[in-house]
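J.: Attaching a single structure in structure tokens format; questions to follow.
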Amino acid sequence: MQTFSRRLIPGIIFSFFLISLTYAVTMAQDTQDKYQRKSISFIDAVLPVGDNVQLGYEQEKFLLKTIKDEIEMSRFDYNPLPDEILLSFRNEAKSRSTQNLDDLAAVMEDVLVPEILRLVDLAKEMRAQGLVSEAEKHSFVVEKAKESGITTENLEAVMNSAYIYVPVISQVKEYTYADKNMVNYELHGGIIWFSVKTGEAGASVTLLVKKETVGKGAAKVDAQFTHKGKVINGKQYAFVTAAEVLARNLKVATQEIPEFQLTNPLANTGSGWVEFSMGKREGLGVDDKFIIAEYYENADGSTTREELGMVRVSRVADNRSKRADSKARVVIGGGYERGMIALEHPRLPIDISVRLGMLPIGGEETLPHVDHIHFEEDISSTITVGQLWFNYNLARSTQISQLFASIYGEFGVGTLDGASAFGDDLESGLYWGIGGGLVKKFYVNRIHLGIEALLSYSNYTVSGTNANDHDWEWDIGSIGMTFNGNIEIALAYDWNFGAGVSYRMFAPNGDWTYTLNDEEIDLSPYNDVPELDYSGIGFQVYLTWSLPSLGYDPLKMARGAVGY
Amino acid sequence: MRKTINLTLSLLILIWVFGAVPAFAKGKVENNLPKSKEAGFVESYSPTEWMVKAAGIGGGKKKYREQNAIDDARKCAVYFCLYLGADPIFTTQEEKNRFSLIEQDFFKEENISKFIAWESEEFTKRVKISGGKELKIEKVFRINVGLMKEDLVGLGVVTATADLAAEIGLPQIMVLPEVPSGGNPLEELSNRKDVKHAARVIESYLTALRYEVIVPEQQNFLNNYGAAMRLVEGMNDDLSYQIALAIGSDVYITYAISIDRRMVGSSEQKKASVSVRAYETTTARLLGTETGYSYERPAADEVVIEEAMHDAIDKVLSRINAYWKEDLQRGIQYKIVFGITGNFDEDQIEDIQFAVSDVIDAFANRSKENIVTDQTMDFLVWVEPGRYDKARDLYRDIKDGFADEFSGAKVARQQLNRKLLLLEVTNE
């Protein structure tokens with residue numbers, strides 16, 4: 001398997017460019033495109049491409065399962081291939097010394113396609129029923145002749161909507177940092193999609209598209225983690241998180257393939273909302289994004305598609321047994337009309353936000369002291385911070401739109417104006433903080449109102465050199481609560497700009513750590529050390545980006561780094 | 001006086017101002033006709049209903065565009081049934097002229113709504129046109145063409161088939177399968193299930209429209225029309241023509257069925273095509289031919305045959321009606337064949353021929369001499385429907401008229417039916 005696959009790379013690259021070119025010149029003509037379910041089959045093996053691929057049996061098994069779980073979405077029907085067929089395929093691929101994708105397709109045609117077509121054939125009438133149009137359901141054949149109304153066109157559409165995907169792994173990198181007690185995994189891989197077509201000349205397999213992405217994971221080497229009910233070590237944790245990230249990125253990449261993109265005309269519209277005929281059957285989730293587009297007819301009769309804006313799913317209908325329409329709120333644009341097209345805009349359920357903020361810092365006046373830090377007056381200063389936020393959208397699991405679990409990290413500088421140490425005014429100190437909590441956003445079209453409640457840890461360090469040329473450092477950290485109220489505007493499908501007010505509740509804290517020439521000084525004899533207070537009102541402006549892919553999962557990374 | 005003049009002038013100006021506004025408003029001609037004429041026939045759902053896919057164009061304020069486009073599509077679907085397609089309701093220029101006087105009222109939304117039996121919720125197409133100023137949509141409609149025809153008859157635009165029936169009766173239509181030269185359509189009909197099913201579909205379709213339909217069963221036919229068949233045998237090689245003449249149908253329809261089959265996966269797919277031809281019985285003149293197709297489906301033969309037949313028969317029927325309406329202007333048509341069977345010399349034969357010709361000219365609106373030989377005279381005649389509603393009346397007048405014109409010979413009947421008078425001239 002490995003031998004033949006090593007020679008695949010040139011073939012894959014060439015085929016990939018060909019396919020990309022094909023997409024570039026394809027233009028949809030049907031103005032009322034609806035997503036037609038596809039049936040997919042899965043080759044139960046990871047195809048190694050290149051030399052840097054070393055996967056253990058358990059790793060391969062886990063990677064396969066993770067990819068399968070992500071890729072086999074509700075929008076697909078499945079043609080599970082029997083083990084013996086998959087074994088035959090692998091043996092045949094080995095025996096033929098398959099060297100490129102064409103060779104691989106040929107083996108598929110000979111070994112897999114007959115079985116896939118047999119499976120599709122068994123279910124084709126049932127699947128084709130979903131393709132019978134509204135007008136066809138009211139035809140003479142259905143109403144009077146009491147037939148199903150299925151036409152050969154419907155059946156052929158089903159027979160030609162079979163796909164096979166092959167997971168590919170091109171690089172597995174493991175880095176162990178003994179000094180830091182850390183292990184990192186970096187997986188480069190993807191999916192190759194093949195399409196099964198049947199026609200007068202028989203069935204054939206053609207390469208559809210190849211999608212590649214990366215997944216990274218990290219963990220403490222000697223840590224133990226509980227993952228999906230199993231206790232695993234640090235190395236295993238780093239690998240599984242990398243595999244999960246890779247698979248999640250591949251899911252989005254798959255959703256972006258035009259053949260698999262959910263599409264449907266708007267069934268109803270109203271002020272600030274639209275409805276379309278999709279739901280649980282297609283695996284729709286709350287907060288899924290859809291672009292709204294419509295077609296323009298040109299003078300020569302051709303049509304061009306123009307994107308008008310975006311909506312976000314707010315209620316998912318259960319359409320598994322009967323027709324039902326899901327509802328979406330308008331985010332960008334408006335005045336949408338029935339018959340316009342909703343096109344899926346897949347994104348990870350993670351938003352990344354970069355913020356610039358002004359945070360309060362201060363304290364009450366203390367008596368002057370020559371040996372340590374003191375506040376000459378009541379201090380009310382600000383710290384300028386940069387923040388990085390990761391917002392995990394919880395809508396799919398809670399069914400509450402725009403509910404996020406957020407973590408952030410911040411770093412900044414600020415001067416305690418009015419504070420001094422050793423007779424000198426304090427210079428600018430360094431600030432860092434981390435936190436996490438819940439975020440809920442309410443939105444009216446482009447405008448979002450956000451409320452954030454977070455548990456925060458803030459730390460301030462100030463240092464200097466005294467008259468005796470001794471280096472000193474004062475450091476203090478506190479835990480408190482942060483409440484933010486933000487207003488955001490959607491600039492584009494994936495970009496929001498926001499600004500807000502922050503109210504921070506921290507208890508004043510005088511538990512400083514004082515070091516002099518790197519030696520910690522016991523502060524217990526002093527009872528007049530000033531208390532630093534992070535409470536007060538702050539401000540922030542930020543940009544938020546909805547990610548199409550992310551090479552790592554910050555939360556899992558953080559967990560791995562913490563080692564718990 | 002000046003006051004009176006001023007008052008009068010003011011009043012006149014007021015009358016002019018307030019009178020002129022509605023007059024200007026009236027001057028704006030209301031146009032209820034559809035903007036869009038893009039439509040296509042989908043299927044003949046039943047003898048009275050057509051499925052039509054029609055496009056509509058909506059302009060005006062943005063919030064009304066969609067509704068305007070839907071309204072326009074509804075009108076377009078009705079317009080299609082009236083004017084467009086292979087077999088519109090209007091078949092003559094006179095009908096179109098008459099309709100043009102009432103078209104604005106006819107295309108009012110409240111009027112056309114009653115003809116729409118069903119319309120799809122979904123659009124099959126939706127595009128912006130004119131740089132986004134107008135919206136074009138496409139939907140599927142089921143139009144009750146039967147009701148529309150009734151309305152148009154009531155409005156005096158088209159002649160009702162019922163009116164035709166009152167005058168001369170609806171055409172009697174005989175239905176037989178098409179067979180190769182020398183073949184027997186009656187045997188084909190009794191031996192092949194699909195052929196029989198197709199005949200039943202036509203019969204059912206036409207009887208629903210109150211046509212009199214004859215599908216001859218072999219045994220019954222031979223029992224009832226055996227003698228007549230022997231008499232018409234020499235007139236033409238086509239057995240269907242002979243049978244139609246023997247029966248005396250006004251029109252006869254032949255049809256041929258073909259079903260293409262192929263496998264998609266493990267399912268056999270079938271696509272039926274049915275060609276239907278309609279002939280004038282008296283002359284075997286082809287009135288219309290149509291081929292109907294079914295969708296290709298995994299369904300029973302009967303279903304695809306019926307689907308294809310529906311596609312074809314409705315169109316052929318409109319040709320028959322058009323022919324019938326046109327022929328009605330001339331009167332009822334008969335084929336009259338005189339066989340000169342008595343012992344006559346050449347001069348007598350010539351005199352008989354003159355006499356027969358004079359007799360026919362005396363009672364026929366119009367006549368056409370097909371064949372004249374020493375033994376046979378073959379005529380097509382059109383006679384007053386009110387005067388000759390039965391072939392027997394016509395025969396009596398011919399017999400009496402000939403007796404008045406010529407002595408020493410008489411006219412006797414061999415065969416009489418709705419379309420054919422087989423007569424012989426014998427010695428008295």
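The chains in the structure tokens are called A, B, ... from first to last as shown; in each chain the residues are counted from 1, and the ligands are counted from 1 in the order shown.
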May I ask you to extract the residues of chain A within 7 Å of chain B, using only C-alpha atoms, and to give them as a PyMOL selection string?
T.: chain A and resi 31-32+121+134-135+139-140+145+150-152+294-297+339
J.: Find the residues around segment 412-427 of chain A up to 7 Å (only C-alpha atoms counted), leave out those fewer than 2 positions away in its own chain, and share them as a list in words.
T.: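 Counting only the stated atoms, we get Gly362, Val370, Asp371, His372, Ile373, His374, Phe375, Glu376, Glu377, Ile379, Ser381, Thr382, Ile383, Thr384, Val385, Gly386, Glu410, Gly429, Leu430, Tyr431, Trp432 and Asn466 of chain A.
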J.: Kindly export the residues of the current selection with C-alpha atoms, as a compact mmCIF listing (two decimals), in the first residue's frame.
T.:
```txt
# COMPACT_ATOMS: atom_id res chain seq x y z
CA GLY A 362 -5.23 51.46 40.46
CA VAL A 370 11.63 53.82 51.05
CA ASP A 371 11.96 50.01 51.09
CA HIS A 372 9.13 49.07 48.89
CA ILE A 373 6.52 50.18 46.49
CA HIS A 374 3.96 52.70 47.61
CA PHE A 375 1.20 54.82 46.17
CA GLU A 376 1.69 58.48 46.77
CA GLU A 377 -1.92 59.20 46.02
CA ILE A 379 -4.18 55.84 41.63
CA SER A 381 -4.56 54.39 35.66
CA THR A 382 -5.15 52.37 32.52
CA ILE A 383 -3.35 49.56 30.85
CA THR A 384 -3.32 49.26 27.10
CA VAL A 385 -3.74 45.63 26.13
CA GLY A 386 -3.89 43.47 23.10
CA GLU A 410 -4.08 39.37 26.86
CA GLY A 429 4.84 47.79 33.89
CA LEU A 430 3.91 44.67 32.01
CA TYR A 431 0.47 43.23 32.20
CA TRP A 432 -0.89 39.86 31.13
CA ASN A 466 17.47 51.11 42.42
```
J.: Can you list, as a ChimeraX atom specification, every protein, DNA or RNA residue that comes within 6 Å of segment 258-274 of chain A when you count only C-alpha atoms, leaving out same-chain residues fewer than 3 positions away?
T.: /A:32,34-35,255,327-330,337-344
J.: Would you pick out the contacts of segment 367-374 of chain B at 12 Å or less, using only C-alpha atoms, so that residues sharing its chain but fewer than 2 positions from it are not included, and give the list as a PyMOL selection string?
T.: chain B and resi 235+282-283+330-354+356-365+376-383+425
J.: Quick one: of A:Glu186, A:Gly335, A:Val53, A:Thr482, who's nearest to Asn445 of chain A, counting only C-alpha atoms?
T.: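 Closest candidate: A:Gly335.
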J.: Of the candidates A:Ser428, A:Ser502, A:Thr515, A:Ser88, which one gets nearest to Leu359 of chain A if we count only C-alpha atoms?
T.: A:Ser502
J.: Enumerate as a short mmCIF file (atom, residue, chain, number, x, y, z; two decimals) with C-alpha atoms, in the first residue's frame all residues of segment 235-394 of chain B assigned to helix (DSSP H, G or I) by DSSP on the backbone, naming them with the chain letters and numbers the document uses.
T.:
```cif
data_model
loop_
_atom_site.label_atom_id
_atom_site.label_comp_id
_atom_site.auth_asym_id
_atom_site.auth_seq_id
_atom_site.Cartn_x
_atom_site.Cartn_y
_atom_site.Cartn_z
CA MET B 235 -62.23 0.94 -52.95
CA LEU B 239 -58.23 -2.10 -44.34
CA SER B 240 -58.75 0.61 -41.73
CA TYR B 241 -60.22 2.86 -44.39
CA GLN B 242 -62.50 0.08 -45.57
CA ILE B 243 -63.63 -0.63 -42.01
CA ALA B 244 -64.29 3.05 -41.34
CA LEU B 245 -66.31 3.31 -44.52
CA ALA B 246 -68.22 0.15 -43.70
CA ILE B 247 -69.03 1.48 -40.28
CA ASP B 301 -46.27 -0.56 -19.99
CA GLU B 302 -49.83 0.64 -19.57
CA VAL B 303 -48.73 3.72 -17.67
CA VAL B 304 -46.16 4.89 -20.18
CA ILE B 305 -48.53 4.12 -23.07
CA GLU B 306 -51.27 6.19 -21.44
CA GLU B 307 -48.86 9.02 -20.72
CA ALA B 308 -47.65 9.07 -24.31
CA MET B 309 -51.18 8.76 -25.66
CA HIS B 310 -52.34 11.74 -23.60
CA ASP B 311 -49.49 13.70 -25.07
CA ALA B 312 -50.57 12.91 -28.62
CA ILE B 313 -54.34 12.55 -28.65
CA ASP B 314 -55.21 16.00 -27.41
CA LYS B 315 -53.26 17.59 -30.22
CA VAL B 316 -54.80 15.36 -32.87
CA LEU B 317 -58.23 16.04 -31.49
CA SER B 318 -57.84 19.74 -32.05
CA ARG B 319 -57.03 19.02 -35.70
CA ILE B 320 -60.15 16.92 -35.97
CA ASN B 321 -62.19 19.71 -34.45
CA ALA B 322 -60.66 22.28 -36.77
CA TYR B 323 -61.50 20.07 -39.74
CA TRP B 324 -64.97 19.46 -38.45
CA LYS B 325 -65.66 23.14 -37.93
CA GLU B 326 -64.45 23.95 -41.42
CA ASP B 327 -66.36 21.11 -43.00
CA LEU B 328 -69.50 22.14 -41.15
CA GLU B 346 -73.56 3.79 -74.33
CA ASP B 347 -76.05 6.59 -74.87
CA GLN B 348 -78.19 5.41 -71.99
CA ILE B 349 -75.16 5.27 -69.71
CA GLU B 350 -74.27 8.80 -70.67
CA ASP B 351 -77.81 9.97 -70.02
CA ILE B 352 -77.80 8.18 -66.66
CA GLN B 353 -74.59 9.94 -65.76
CA PHE B 354 -76.06 13.31 -66.71
CA ALA B 355 -79.19 12.55 -64.73
CA VAL B 356 -77.23 11.51 -61.66
CA SER B 357 -75.13 14.62 -61.90
CA ASP B 358 -78.20 16.82 -62.19
CA VAL B 359 -79.86 15.12 -59.22
CA ILE B 360 -76.80 15.66 -57.06
CA ASP B 361 -76.52 19.29 -58.11
CA ALA B 362 -80.17 19.75 -57.17
CA PHE B 363 -79.83 18.88 -53.51
CA ALA B 391 -78.69 9.06 -44.94
CA ARG B 392 -82.06 7.51 -45.70
CA ASP B 393 -83.58 10.96 -46.42
CA LEU B 394 -80.82 11.69 -48.82
#
```
J.: Tell me, as a ChimeraX atom specification, which residues lie within 12 Å of Ser204 of chain A, counting only C-alpha atoms; anything in the same chain fewer than 6 positions away does not count.
T.: /A:102,104-114,116-117,159-160,162-164,194-198
J.: Export, as a JSON list (two decimals), in the first residue's frame, the selected residues with N, CA and C atoms.
T.:
```
[["chain", "number", "residue", "atom", "x", "y", "z"],
["A", 102, "ASP", "N", -4.76, 7.69, -11.55],
["A", 102, "ASP", "CA", -5.46, 6.98, -12.63],
["A", 102, "ASP", "C", -5.44, 5.48, -12.37],
["A", 104, "LEU", "N", -5.12, 4.12, -9.49],
["A", 104, "LEU", "CA", -5.98, 3.88, -8.33],
["A", 104, "LEU", "C", -7.45, 3.83, -8.76],
["A", 105, "ALA", "N", -7.79, 4.76, -9.65],
["A", 105, "ALA", "CA", -9.17, 4.80, -10.15],
["A", 105, "ALA", "C", -9.51, 3.52, -10.90],
["A", 106, "ALA", "N", -8.52, 3.02, -11.63],
["A", 106, "ALA", "CA", -8.76, 1.79, -12.40],
["A", 106, "ALA", "C", -9.05, 0.61, -11.46],
["A", 107, "VAL", "N", -8.30, 0.55, -10.36],
["A", 107, "VAL", "CA", -8.55, -0.52, -9.39],
["A", 107, "VAL", "C", -9.94, -0.35, -8.76],
["A", 108, "MET", "N", -10.25, 0.89, -8.49],
["A", 108, "MET", "CA", -11.59, 1.16, -7.93],
["A", 108, "MET", "C", -12.67, 0.69, -8.89],
["A", 109, "GLU", "N", -12.48, 1.04, -10.16],
["A", 109, "GLU", "CA", -13.48, 0.65, -11.16],
["A", 109, "GLU", "C", -13.69, -0.85, -11.17],
["A", 110, "ASP", "N", -12.58, -1.57, -11.07],
["A", 110, "ASP", "CA", -12.67, -3.04, -11.17],
["A", 110, "ASP", "C", -13.21, -3.68, -9.90],
["A", 111, "VAL", "N", -12.80, -3.14, -8.75],
["A", 111, "VAL", "CA", -13.11, -3.85, -7.50],
["A", 111, "VAL", "C", -14.27, -3.20, -6.74],
["A", 112, "LEU", "N", -14.23, -1.89, -6.64],
["A", 112, "LEU", "CA", -15.22, -1.23, -5.76],
["A", 112, "LEU", "C", -16.51, -0.86, -6.47],
["A", 113, "VAL", "N", -16.37, -0.37, -7.69],
["A", 113, "VAL", "CA", -17.55, 0.21, -8.35],
["A", 113, "VAL", "C", -18.70, -0.78, -8.51],
["A", 114, "PRO", "N", -18.42, -2.03, -8.92],
["A", 114, "PRO", "CA", -19.57, -2.95, -9.03],
["A", 114, "PRO", "C", -20.34, -3.06, -7.71],
["A", 116, "ILE", "N", -20.38, -0.83, -5.23],
["A", 116, "ILE", "CA", -21.04, 0.45, -4.93],
["A", 116, "ILE", "C", -22.33, 0.59, -5.74],
["A", 117, "LEU", "N", -22.21, 0.25, -7.02],
["A", 117, "LEU", "CA", -23.41, 0.37, -7.87],
["A", 117, "LEU", "C", -24.50, -0.59, -7.42],
["A", 159, "MET", "N", -27.96, 7.26, -9.48],
["A", 159, "MET", "CA", -26.86, 6.36, -9.85],
["A", 159, "MET", "C", -25.56, 7.12, -10.11],
["A", 160, "ASN", "N", -25.71, 8.39, -10.51],
["A", 160, "ASN", "CA", -24.51, 9.19, -10.78],
["A", 160, "ASN", "C", -24.14, 10.10, -9.63],
["A", 162, "ALA", "N", -22.90, 8.89, -6.75],
["A", 162, "ALA", "CA", -22.11, 8.09, -5.83],
["A", 162, "ALA", "C", -20.66, 8.59, -5.83],
["A", 163, "TYR", "N", -20.12, 8.67, -4.67],
["A", 163, "TYR", "CA", -18.74, 9.17, -4.52],
["A", 163, "TYR", "C", -17.96, 8.25, -3.58],
["A", 164, "ILE", "N", -16.68, 8.20, -3.80],
["A", 164, "ILE", "CA", -15.81, 7.43, -2.91],
["A", 164, "ILE", "C", -14.76, 8.41, -2.38],
["A", 194, "PHE", "N", -13.46, 10.71, -5.27],
["A", 194, "PHE", "CA", -13.68, 10.18, -6.62],
["A", 194, "PHE", "C", -15.18, 10.12, -6.87],
["A", 195, "SER", "N", -15.54, 10.31, -8.11],
["A", 195, "SER", "CA", -16.95, 10.29, -8.49],
["A", 195, "SER", "C", -17.22, 9.06, -9.36],
["A", 196, "VAL", "N", -18.30, 8.36, -9.06],
["A", 196, "VAL", "CA", -18.65, 7.16, -9.85],
["A", 196, "VAL", "C", -19.73, 7.57, -10.85],
["A", 197, "LYS", "N", -19.45, 7.39, -12.11],
["A", 197, "LYS", "CA", -20.41, 7.76, -13.16],
["A", 197, "LYS", "C", -20.81, 6.51, -13.94],
["A", 198, "THR", "N", -22.10, 6.43, -14.25],
["A", 198, "THR", "CA", -22.55, 5.31, -15.08],
["A", 198, "THR", "C", -23.14, 5.88, -16.35]]
```
J.: Mind giving me the straight-line distance from atom CA of Lys390 of chain B to atom CA of Leu287 of chain B in Å, one decimal?
T.: 24.4 Å
J.: Determine the nearest neighbour of Leu101 of chain B from the options B:Val274, B:Val145, B:Val157, B:Ile257, counting only C-alpha atoms.
T.: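 Closest residue, counting only C-alpha atoms: B:Val157.
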J.: Tell me which protein, DNA and RNA residues are within 8 Å of segment 520-534 of chain A, counting only C-alpha atoms, leaving out same-chain ones fewer than 4 positions away, and put them as a VMD selection string.
T.: chain A and resid 359 to 367 372 to 375 458 476 478 504 to 511 513 to 516
J.: When you count only C-alpha atoms, which of these residues is closest to Glu115 of chain A: A:Pro80, A:Gly229, A:Gly409, A:Gly560?
T.: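 Closest to Glu115 of chain A, using only C-alpha atoms: A:Pro80.
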J.: From the options A:Arg90, A:Arg355, A:Lys61, A:Lys441, which residue's atoms come nearest to Ile43 of chain A, counting only C-alpha atoms?
T.: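 Using only C-alpha atoms, Ile43 of chain A sits closest to A:Arg90.
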J.: So how many Å separate atom CA of Asp475 of chain A and atom CA of Ile434 of chain A, to one decimal?
T.: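 So the two atoms, atom CA of Asp475 of chain A and atom CA of Ile434 of chain A, lie 15.8 Å apart.
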J.: At what distance in Å, to one decimal, does atom CA of Phe411 of chain A lie from atom CA of Ile537 of chain A?
T.: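 Computed distance, atom CA of Ile537 of chain A to atom CA of Phe411 of chain A, equals 17.5 Å.
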J.: Find the spatial neighbours of Ala561 of chain A, counting only C-alpha atoms, within a cut-off of 9 Å - ignore same-chain residues fewer than 4 positions away - and output them as a ChimeraX atom specification.
T.: /A:182,218-220,556-557
J.: Store the residues picked out above in a file with C-alpha atoms, as a PDB file, in the first residue's frame.
T.:
```
ATOM      1  CA  MET A 182       6.208  18.701  25.795  1.00  0.00           C
ATOM      2  CA  ALA A 218       0.465  19.380  21.869  1.00  0.00           C
ATOM      3  CA  ALA A 219       0.620  17.984  25.398  1.00  0.00           C
ATOM      4  CA  LYS A 220       2.833  17.448  28.369  1.00  0.00           C
ATOM      5  CA  LYS A 556      -7.183  21.417  23.458  1.00  0.00           C
ATOM      6  CA  MET A 557      -3.738  22.927  23.147  1.00  0.00           C
TER       7      MET A 557
END
```
